[in-house]
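Okay, so here's the structure we're looking at.
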Amino acid sequence: MTTEPTEHNEPAGQARPSGDDPQVRAETARRLERAMGTLGTAAVARMESRLSWFRQMSAEDRSWVGLVAQSGVAAFVEWFKKSGKGRPAITVEVFGTAPRELTRSVTLQQTVDMLRVVIDVVENQVDELAAPGGEQQLREAVLRYTREVAFSSAKIYARAAEARGAWDARLEALIVDALLHGDREEGLQTWAAALGWSRTPVFAVAGGLGDQEDASLLEDLRSVARRAGHDVLAGVQGQRVIVVIGVNERYAGDSDPMAAVEPLTGMFGPGPVVVGPAVADLRAAGESAAAAVNGLRAAVAWPDAPRPVLAEDLLPERALEGDEAARRQLVEEIYLPLRNAGSPLLDTLSVYLEYASSLESTARMLFVHPNTVRYRLSRIAELTGHVPADGRGSFVLRIAVTLGRLSEGAASGA
């Protein structure tokens, strides 16, 4: 009696191959080995036709991507031959063929796009590649393998981002240290360009670390500054935090130079926060950084200083603390303009300061009308930017005049 094939029975003498049949797997593996080169080439061709960013890559990077695709196919075949058990060693076998720099040329999203292309290429040929009865087995293996590739890709990019972040932080600290030591070499621009630096003008900010963790504070400062559109470099030296900012165009023309600093101020530790003067580019940023650091050191002498405070507003304290640049600036910007304007202004200021800012006493000592003294004081304010009748202004003017006379005395050999 002949057995007729039914929905549940195979024809006599022929058993339906099992999805896990080793013979079917072995035959499929042989077919895959023969097709490896073709599959890799087809995947690259499909990428060129479907992925516009791939076509725009350099020939060298396209070649590395092609090699990664070929390696991925080869690693899949090797894993499939071993019954597809265990997790495939994808990181070394696939991505180990390409240089680390490729992660800078190919984003994680682009890697996912490539995976989709390779999956499509293989899945479209499953019927030709699989041994009879092994189609489902091959499809399941492809899905499992590509899932592992996706996980491995994410890990690689996460590690690369972590390493790049650590490298960027070290490079930032190196640049900040070089600026504080007065380095103006062209290499600074190259280093900064590697971090994506492009904005000008540039200024430095110095403040205290406090009891915060330096790594988390620096990351918070960078995050806030970058959200505002600034370029930023940050470093910690002892208990000092130095931040160098390339100003976003939105703030560059602002009449208040502190506008770009205000969002960062509260992130520093307790104590003063000092802002150095704006300079043209990063090569000159050492001047701003030095002024900010010297101002931070001298700010203890002005307990009521605003926070943040401009380093130029701390010129008297910096000069008394030994900052030669501050001394020169006070002499050049205050004393010399007064001296060059004629003796009446300088003499009037000296007497006015000597007699406790008394208008009448100054007029009597100079044998002039009080209105004359009043006029001369207004001229002094116009020339120097400091009002003699103001407490802070009179202090700045007194230090500047004293330093100016000392410098002239030293020059004359007295």
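Residues are referred to by chain and number: the chain letter is A, B, ... according to the order shown in the structure tokens, the number counts from 1 in that chain, and ligands are numbered separately from 1 in the order shown.
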Inset, instruction - Write out as a PyMOL selection string which residues come within 6 Å of Gln70 (chain A) when counting only C-alpha atoms, dropping same-chain ones fewer than 3 positions away. - result: chain A and resi 40+67+73
Legend entry - Polymer residues at most 8 Å from Leu353 (chain A), only C-alpha atoms, same-chain spacing of 2 or more positions, as a ChimeraX atom specification: /A:349-351,355-357,388,394,398
Selection above as a file: all heavy atoms, as a PDB file, in the first residue's frame:
ATOM      1  N   LEU A 349      44.864 117.058  41.098  1.00  0.00           N
ATOM      2  CA  LEU A 349      44.522 115.725  41.598  1.00  0.00           C
ATOM      3  C   LEU A 349      45.317 115.401  42.857  1.00  0.00           C
ATOM      4  O   LEU A 349      44.766 114.880  43.840  1.00  0.00           O
ATOM      5  CB  LEU A 349      44.788 114.676  40.519  1.00  0.00           C
ATOM      6  CG  LEU A 349      44.546 113.213  40.937  1.00  0.00           C
ATOM      7  CD1 LEU A 349      43.083 113.010  41.338  1.00  0.00           C
ATOM      8  CD2 LEU A 349      44.928 112.256  39.819  1.00  0.00           C
ATOM      9  N   SER A 350      46.612 115.709  42.841  1.00  0.00           N
ATOM     10  CA  SER A 350      47.461 115.401  43.996  1.00  0.00           C
ATOM     11  C   SER A 350      46.977 116.125  45.244  1.00  0.00           C
ATOM     12  O   SER A 350      46.865 115.532  46.331  1.00  0.00           O
ATOM     13  CB  SER A 350      48.912 115.784  43.699  1.00  0.00           C
ATOM     14  OG  SER A 350      49.409 115.042  42.606  1.00  0.00           O
ATOM     15  N   VAL A 351      46.668 117.426  45.106  1.00  0.00           N
ATOM     16  CA  VAL A 351      46.205 118.195  46.251  1.00  0.00           C
ATOM     17  C   VAL A 351      44.825 117.710  46.701  1.00  0.00           C
ATOM     18  O   VAL A 351      44.549 117.581  47.899  1.00  0.00           O
ATOM     19  CB  VAL A 351      46.176 119.703  45.910  1.00  0.00           C
ATOM     20  CG1 VAL A 351      45.531 120.504  47.043  1.00  0.00           C
ATOM     21  CG2 VAL A 351      47.574 120.205  45.604  1.00  0.00           C
ATOM     22  N   TYR A 355      44.024 116.301  50.446  1.00  0.00           N
ATOM     23  CA  TYR A 355      43.128 116.992  51.366  1.00  0.00           C
ATOM     24  C   TYR A 355      41.749 116.326  51.441  1.00  0.00           C
ATOM     25  O   TYR A 355      40.725 116.992  51.537  1.00  0.00           O
ATOM     26  CB  TYR A 355      43.012 118.460  50.974  1.00  0.00           C
ATOM     27  CG  TYR A 355      44.207 119.258  51.427  1.00  0.00           C
ATOM     28  CD1 TYR A 355      45.349 119.312  50.633  1.00  0.00           C
ATOM     29  CD2 TYR A 355      44.223 119.904  52.662  1.00  0.00           C
ATOM     30  CE1 TYR A 355      46.462 120.007  51.048  1.00  0.00           C
ATOM     31  CE2 TYR A 355      45.341 120.608  53.084  1.00  0.00           C
ATOM     32  CZ  TYR A 355      46.463 120.647  52.276  1.00  0.00           C
ATOM     33  OH  TYR A 355      47.574 121.323  52.693  1.00  0.00           O
ATOM     34  N   ALA A 356      41.776 114.994  51.412  1.00  0.00           N
ATOM     35  CA  ALA A 356      40.556 114.183  51.679  1.00  0.00           C
ATOM     36  C   ALA A 356      39.407 114.552  50.765  1.00  0.00           C
ATOM     37  O   ALA A 356      38.241 114.608  51.187  1.00  0.00           O
ATOM     38  CB  ALA A 356      40.139 114.324  53.138  1.00  0.00           C
ATOM     39  N   SER A 357      39.729 114.816  49.497  1.00  0.00           N
ATOM     40  CA  SER A 357      38.709 115.086  48.475  1.00  0.00           C
ATOM     41  C   SER A 357      37.828 116.286  48.823  1.00  0.00           C
ATOM     42  O   SER A 357      36.628 116.309  48.541  1.00  0.00           O
ATOM     43  CB  SER A 357      37.833 113.839  48.267  1.00  0.00           C
ATOM     44  OG  SER A 357      38.627 112.736  47.883  1.00  0.00           O
ATOM     45  N   PRO A 388      37.509 111.217  40.627  1.00  0.00           N
ATOM     46  CA  PRO A 388      38.287 111.465  41.856  1.00  0.00           C
ATOM     47  C   PRO A 388      37.439 111.499  43.121  1.00  0.00           C
ATOM     48  O   PRO A 388      37.911 111.147  44.201  1.00  0.00           O
ATOM     49  CB  PRO A 388      38.941 112.823  41.591  1.00  0.00           C
ATOM     50  CG  PRO A 388      38.991 112.936  40.108  1.00  0.00           C
ATOM     51  CD  PRO A 388      37.761 112.264  39.610  1.00  0.00           C
ATOM     52  N   SER A 394      39.153 107.305  43.511  1.00  0.00           N
ATOM     53  CA  SER A 394      40.278 108.011  44.126  1.00  0.00           C
ATOM     54  C   SER A 394      41.406 107.054  44.485  1.00  0.00           C
ATOM     55  O   SER A 394      42.591 107.396  44.365  1.00  0.00           O
ATOM     56  CB  SER A 394      39.806 108.756  45.372  1.00  0.00           C
ATOM     57  OG  SER A 394      39.406 107.849  46.388  1.00  0.00           O
ATOM     58  N   ARG A 398      45.121 107.356  42.976  1.00  0.00           N
ATOM     59  CA  ARG A 398      46.250 107.546  43.889  1.00  0.00           C
ATOM     60  C   ARG A 398      47.359 106.537  43.589  1.00  0.00           C
ATOM     61  O   ARG A 398      48.536 106.892  43.528  1.00  0.00           O
ATOM     62  CB  ARG A 398      45.796 107.395  45.334  1.00  0.00           C
ATOM     63  CG  ARG A 398      46.916 107.658  46.343  1.00  0.00           C
ATOM     64  CD  ARG A 398      46.416 107.405  47.743  1.00  0.00           C
ATOM     65  NE  ARG A 398      45.444 108.391  48.158  1.00  0.00           N
ATOM     66  CZ  ARG A 398      45.747 109.570  48.703  1.00  0.00           C
ATOM     67  NH1 ARG A 398      47.023 109.928  48.843  1.00  0.00           N
ATOM     68  NH2 ARG A 398      44.802 110.396  49.081  1.00  0.00           N
TER      69      ARG A 398
END
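Take the candidates A:Ala319, A:Ala290, A:Val122, A:Leu383 and check each one against Leu32 (chain A) using only C-alpha atoms; the shortest distance goes to A:Val122.
One distance worth recording is that between CA of Asp214 (chain A) and CA of Val236 (chain A), which is 6.8 Å.
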Inset, instruction - May I ask which of the residues A:Leu218, A:Ala400, A:Ala260, A:Val247 is the closest one to Ala326 (chain A), counting only C-alpha atoms? - result: A:Ala400
Quick one: residues within 12 Å of Thr200 (chain A), only C-alpha atoms, excluding same-chain residues fewer than 4 positions away - as a PDB file with N, CA, C and O atoms, in the first residue's frame?
ATOM      1  N   GLY A 229      26.861  78.552  22.811  1.00  0.00           N
ATOM      2  CA  GLY A 229      27.487  78.718  21.503  1.00  0.00           C
ATOM      3  C   GLY A 229      28.939  79.132  21.538  1.00  0.00           C
ATOM      4  O   GLY A 229      29.507  79.484  20.504  1.00  0.00           O
ATOM      5  N   HIS A 230      29.574  79.126  22.718  1.00  0.00           N
ATOM      6  CA  HIS A 230      30.974  79.520  22.823  1.00  0.00           C
ATOM      7  C   HIS A 230      31.898  78.322  22.573  1.00  0.00           C
ATOM      8  O   HIS A 230      31.526  77.174  22.828  1.00  0.00           O
ATOM      9  N   ASP A 231      33.105  78.622  22.098  1.00  0.00           N
ATOM     10  CA  ASP A 231      34.189  77.647  22.169  1.00  0.00           C
ATOM     11  C   ASP A 231      34.774  77.725  23.567  1.00  0.00           C
ATOM     12  O   ASP A 231      34.827  78.808  24.159  1.00  0.00           O
ATOM     13  N   VAL A 232      35.236  76.612  24.102  1.00  0.00           N
ATOM     14  CA  VAL A 232      35.696  76.644  25.495  1.00  0.00           C
ATOM     15  C   VAL A 232      36.838  75.659  25.715  1.00  0.00           C
ATOM     16  O   VAL A 232      36.849  74.565  25.158  1.00  0.00           O
ATOM     17  N   VAL A 244      39.005  79.286  29.224  1.00  0.00           N
ATOM     18  CA  VAL A 244      39.281  80.177  28.088  1.00  0.00           C
ATOM     19  C   VAL A 244      38.097  80.060  27.135  1.00  0.00           C
ATOM     20  O   VAL A 244      37.721  78.952  26.733  1.00  0.00           O
ATOM     21  N   ILE A 245      37.512  81.191  26.773  1.00  0.00           N
ATOM     22  CA  ILE A 245      36.268  81.209  25.995  1.00  0.00           C
ATOM     23  C   ILE A 245      36.470  81.945  24.673  1.00  0.00           C
ATOM     24  O   ILE A 245      37.002  83.052  24.645  1.00  0.00           O
ATOM     25  N   GLY A 246      36.060  81.286  23.585  1.00  0.00           N
ATOM     26  CA  GLY A 246      35.943  81.942  22.290  1.00  0.00           C
ATOM     27  C   GLY A 246      34.494  82.370  22.142  1.00  0.00           C
ATOM     28  O   GLY A 246      33.579  81.546  22.131  1.00  0.00           O
ATOM     29  N   VAL A 247      34.259  83.659  22.057  1.00  0.00           N
ATOM     30  CA  VAL A 247      32.918  84.207  22.242  1.00  0.00           C
ATOM     31  C   VAL A 247      32.028  83.979  21.020  1.00  0.00           C
ATOM     32  O   VAL A 247      32.424  84.224  19.873  1.00  0.00           O
ATOM     33  N   ASN A 248      30.822  83.526  21.290  1.00  0.00           N
ATOM     34  CA  ASN A 248      29.787  83.416  20.266  1.00  0.00           C
ATOM     35  C   ASN A 248      29.512  84.807  19.697  1.00  0.00           C
ATOM     36  O   ASN A 248      29.499  85.798  20.432  1.00  0.00           O
ATOM     37  N   GLU A 249      29.278  84.884  18.376  1.00  0.00           N
ATOM     38  CA  GLU A 249      29.039  86.176  17.726  1.00  0.00           C
ATOM     39  C   GLU A 249      27.915  86.961  18.399  1.00  0.00           C
ATOM     40  O   GLU A 249      27.898  88.188  18.407  1.00  0.00           O
ATOM     41  N   ARG A 250      26.974  86.248  18.999  1.00  0.00           N
ATOM     42  CA  ARG A 250      25.840  86.888  19.646  1.00  0.00           C
ATOM     43  C   ARG A 250      26.277  87.798  20.787  1.00  0.00           C
ATOM     44  O   ARG A 250      25.640  88.801  21.085  1.00  0.00           O
ATOM     45  N   TYR A 251      27.405  87.447  21.440  1.00  0.00           N
ATOM     46  CA  TYR A 251      27.888  88.222  22.571  1.00  0.00           C
ATOM     47  C   TYR A 251      29.051  89.142  22.201  1.00  0.00           C
ATOM     48  O   TYR A 251      29.395  90.039  22.969  1.00  0.00           O
ATOM     49  N   ALA A 252      29.679  88.885  21.043  1.00  0.00           N
ATOM     50  CA  ALA A 252      30.916  89.590  20.705  1.00  0.00           C
ATOM     51  C   ALA A 252      30.738  91.098  20.665  1.00  0.00           C
ATOM     52  O   ALA A 252      31.616  91.859  21.055  1.00  0.00           O
ATOM     53  N   GLY A 253      29.590  91.577  20.203  1.00  0.00           N
ATOM     54  CA  GLY A 253      29.382  93.016  20.114  1.00  0.00           C
ATOM     55  C   GLY A 253      28.623  93.595  21.283  1.00  0.00           C
ATOM     56  O   GLY A 253      28.217  94.752  21.259  1.00  0.00           O
ATOM     57  N   ALA A 278      39.491  90.849  26.779  1.00  0.00           N
ATOM     58  CA  ALA A 278      39.314  90.174  25.496  1.00  0.00           C
ATOM     59  C   ALA A 278      40.528  90.426  24.610  1.00  0.00           C
ATOM     60  O   ALA A 278      41.079  91.527  24.583  1.00  0.00           O
ATOM     61  N   VAL A 279      40.950  89.377  23.885  1.00  0.00           N
ATOM     62  CA  VAL A 279      42.080  89.484  22.956  1.00  0.00           C
ATOM     63  C   VAL A 279      41.639  88.965  21.591  1.00  0.00           C
ATOM     64  O   VAL A 279      40.581  88.348  21.447  1.00  0.00           O
ATOM     65  N   ALA A 280      42.477  89.203  20.590  1.00  0.00           N
ATOM     66  CA  ALA A 280      42.066  88.948  19.216  1.00  0.00           C
ATOM     67  C   ALA A 280      41.916  87.470  18.890  1.00  0.00           C
ATOM     68  O   ALA A 280      41.023  87.075  18.133  1.00  0.00           O
ATOM     69  N   ASP A 281      42.796  86.630  19.427  1.00  0.00           N
ATOM     70  CA  ASP A 281      42.741  85.210  19.072  1.00  0.00           C
ATOM     71  C   ASP A 281      43.381  84.382  20.175  1.00  0.00           C
ATOM     72  O   ASP A 281      43.844  84.906  21.189  1.00  0.00           O
ATOM     73  N   LEU A 282      43.422  83.074  19.946  1.00  0.00           N
ATOM     74  CA  LEU A 282      43.907  82.171  20.986  1.00  0.00           C
ATOM     75  C   LEU A 282      45.396  82.357  21.264  1.00  0.00           C
ATOM     76  O   LEU A 282      45.845  82.165  22.395  1.00  0.00           O
ATOM     77  N   ARG A 283      46.154  82.747  20.263  1.00  0.00           N
ATOM     78  CA  ARG A 283      47.598  82.940  20.482  1.00  0.00           C
ATOM     79  C   ARG A 283      47.876  84.021  21.516  1.00  0.00           C
ATOM     80  O   ARG A 283      48.879  83.976  22.221  1.00  0.00           O
ATOM     81  N   ALA A 284      46.970  84.999  21.602  1.00  0.00           N
ATOM     82  CA  ALA A 284      47.152  86.086  22.569  1.00  0.00           C
ATOM     83  C   ALA A 284      46.412  85.832  23.871  1.00  0.00           C
ATOM     84  O   ALA A 284      46.425  86.678  24.770  1.00  0.00           O
ATOM     85  N   ALA A 285      45.776  84.686  23.984  1.00  0.00           N
ATOM     86  CA  ALA A 285      44.939  84.416  25.157  1.00  0.00           C
ATOM     87  C   ALA A 285      45.755  84.298  26.433  1.00  0.00           C
ATOM     88  O   ALA A 285      45.210  84.407  27.530  1.00  0.00           O
TER      89      ALA A 285
END
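Proximity to Ile380 (chain A) was assessed for A:Ala141, A:Met365, A:Leu403, A:Ala341 counting only C-alpha atoms; the smallest distance is recorded for A:Ala341.
Reported to one decimal place, the separation of CA of Asn294 (chain A) from CA of Asp323 (chain A) is 7.0 Å.
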Inset, instruction - Excluding Leu336 (chain A) and any residue of its chain fewer than 5 positions from it, enumerate the residues within 12 Å of it, using only C-alpha atoms, and give them as a list in words. - result: Arg328, Gln329, Leu330, Val331, Ala341, Gly342, Ser343, Leu345, Leu346, Ile380, Leu383, Thr384, Leu397, Ala400, Val401, Thr402, Leu403, Gly404, Arg405, Ser407 and Glu408 of chain A
Legend entry - Residue among A:Ala130, A:Ala301, A:Val241, A:Val224 lying closest to Ala35 (chain A), counting only C-alpha atoms: A:Ala130
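Proximity to Gly269 (chain A) was assessed for A:Ser288, A:Ser58, A:Gln212, A:Gln125 counting only C-alpha atoms; the smallest distance is recorded for A:Gln212.
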Inset, instruction - Record the distance separating CA of Val368 (chain A) and CA of Gly409 (chain A), expressed in Å with one decimal. - result: 29.0 Å
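Nearest-residue note for Gly210 (chain A): choosing from A:Ala410, A:Ala291, A:Ala299, A:Met267, the minimum distance belongs to A:Met267, counting only C-alpha atoms.
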